[in-house]
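One structure is given below, encoded as structure tokens.
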Amino acid sequence: MTEEAFDVIVVGSCMTDLVSQAPRLPKAGETIHGHKFFIGFGGKGANQCIQAARLGAKTAMVCKVGKDFFGDNYIQNFKDNGVHTDFVGQTSNSATGAASIIVNDAGENAIVIVAGANMLLGSEELHKALPAIRHTKVLVCQLEISPQTSLQALRMAQENKVKTIFNPAPAIPDLGPEFYGVSDVFCCNESEAELLTGSSVGNVDEAHKAGQELLKRGCRSVIITLGPQGCVVLKVEEPSPKYVPTTAVTAVDTTGAGDSFIGALAFYMAHYPTMPLEEMALRANRVAGVSVQAVGTQTSYPFRKDLPAELF
């Protein structure tokens, strides 16, 4: 079973989003009436995995959820999206990761995240998944689990000549220097690039400079996403940075767009390994551009059948 060959394995987080929409954010000690409540599936790792799966990648998720209602539901959500769940662990020692989100009518939010079971994902689970990691084409990691677990997973992939995508999000200013050397593609947004390099990243030129600094630290290639401005791509073997513009769309909800981009990038790296990285980034941008035109996170992620044929 574990000897199956996957296109994409994601080692990362699952979060259940508990979202309340209210006219305004409550003050301390205050109870107010909201007008809508819904439960959504989130977490950077799971989001990225589900977007890759919806494009047609054979995916597996390595993660940890609680032995609770939310954990059971999350496992079913993976199955509904065609994600392999042999490496989804359940623990009685912690609850499934959850985010309590209040959104006001102006679109501002207040969020409390409890990482829960996500922080218990460690070496034991990675070793269980190692036979599958050896046979995968692309491994993806982020920072919503213990950074040491992400680093260990990236090292395992590199030792087995598996391509890696590392998304340093949520960004931490003191990111260990070892992360750069194990990243075939180091993919971050402008605020993450700013935090990591200490220099402002507000436009394409500044993104080029920040990307060159990240390359110097040991990455094989760097993608810095700039939202509606597109992204910049830098590679060790081609020192001149490439700017990849994006098509303008009317955004309804940008939640999870960065994860849609990374999930799509993982799909392209697995299915079209000889395609230039800037072309993959261009296509991944278009997939993410579709996701921002619908409400919600995973609910907004397009399936292959919903996308133009030229993207494949």
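Ordering of the structure tokens sets the chain letters (A, B, ...); residue numbers start at 1 within each chain; ligands are numbered from 1 in the order shown.
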
Legend entry - Test item: residues at most 9 Å from Cys14 (chain A), only C-alpha atoms, excluding those fewer than 3 positions along its chain, as a PyMOL selection string: chain A and resi 41-47+63-65+71+74+96-98+115+117-118+144

Inset, instruction - Extract the full set of helix (DSSP H, G or I) residues from region 10-232 of chain A according to DSSP on the backbone, and format it as a ChimeraX atom specification. - result: /A:44-54,69-80,116-120,123-134,147-159,178-181,190-197,204-216,227-229

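Computed from the coordinates, the CA of Glu310 (chain A) to CA of Ile223 (chain A) distance equals 22.4 Å.
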
Inset, instruction - Considering only C-alpha atoms, return as a PyMOL selection string whatever protein or nucleic-acid residues lie within 12 Å of Asn73 (chain A), sequence-local ones (same chain, fewer than 4 positions apart) excluded. - result: chain A and resi 14-16+39-41+65-69+77-80+90+96

Inset, instruction - Can you work out which one of A:Pro168, A:Gly176, A:Pro241, A:Gly56 has the shortest atom-to-atom distance to Glu278 (chain A), counting only C-alpha atoms? - result: A:Pro241

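One distance worth recording is that between CA of Gly218 (chain A) and CA of Ser260 (chain A), which is 25.5 Å.
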
Inset, instruction - Would you mind telling me which residue in A:Val249, A:Ala22, A:Ile50, A:Leu307 lies nearest to Asn109 (chain A) when using only C-alpha atoms? - result: A:Ala22

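Using only C-alpha atoms, the smallest distance between any of A:Gly230, A:Pro23, A:Gly296, A:Pro147 and Val11 (chain A) comes from A:Pro147.
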
Legend entry - Spatial neighbours of Val162 (chain A), max dist 6 Å, only C-alpha atoms, sep filter under 4 positions, as a PyMOL selection string: chain A and resi 137-138+157-158

Mind writing the picked residues with N, CA, C and O atoms as a PDB file, in the first residue's frame?
```pdb
ATOM      1  N   LYS A 137       6.989  12.442  -6.592  1.00  0.00           N
ATOM      2  CA  LYS A 137       7.688  13.345  -7.512  1.00  0.00           C
ATOM      3  C   LYS A 137       7.994  14.685  -6.842  1.00  0.00           C
ATOM      4  O   LYS A 137       9.033  15.285  -7.070  1.00  0.00           O
ATOM      5  N   VAL A 138       7.049  15.155  -6.020  1.00  0.00           N
ATOM      6  CA  VAL A 138       7.200  16.478  -5.391  1.00  0.00           C
ATOM      7  C   VAL A 138       6.735  16.392  -3.942  1.00  0.00           C
ATOM      8  O   VAL A 138       5.694  15.792  -3.647  1.00  0.00           O
ATOM      9  N   ALA A 157      13.206  14.110   1.565  1.00  0.00           N
ATOM     10  CA  ALA A 157      12.902  14.210   0.138  1.00  0.00           C
ATOM     11  C   ALA A 157      14.182  14.426  -0.653  1.00  0.00           C
ATOM     12  O   ALA A 157      14.438  13.746  -1.652  1.00  0.00           O
ATOM     13  N   GLN A 158      15.020  15.351  -0.179  1.00  0.00           N
ATOM     14  CA  GLN A 158      16.250  15.677  -0.903  1.00  0.00           C
ATOM     15  C   GLN A 158      17.185  14.461  -0.981  1.00  0.00           C
ATOM     16  O   GLN A 158      17.771  14.183  -2.033  1.00  0.00           O
TER      17      GLN A 158
END
```

Inset, instruction - From a DSSP pass on the backbone, collect the residues of region 68-149 of chain A flagged as strand (DSSP E or B) and hand them back as a VMD selection string. - result: chain A and resid 84 88 to 91 98 to 103 109 to 114 138 to 141
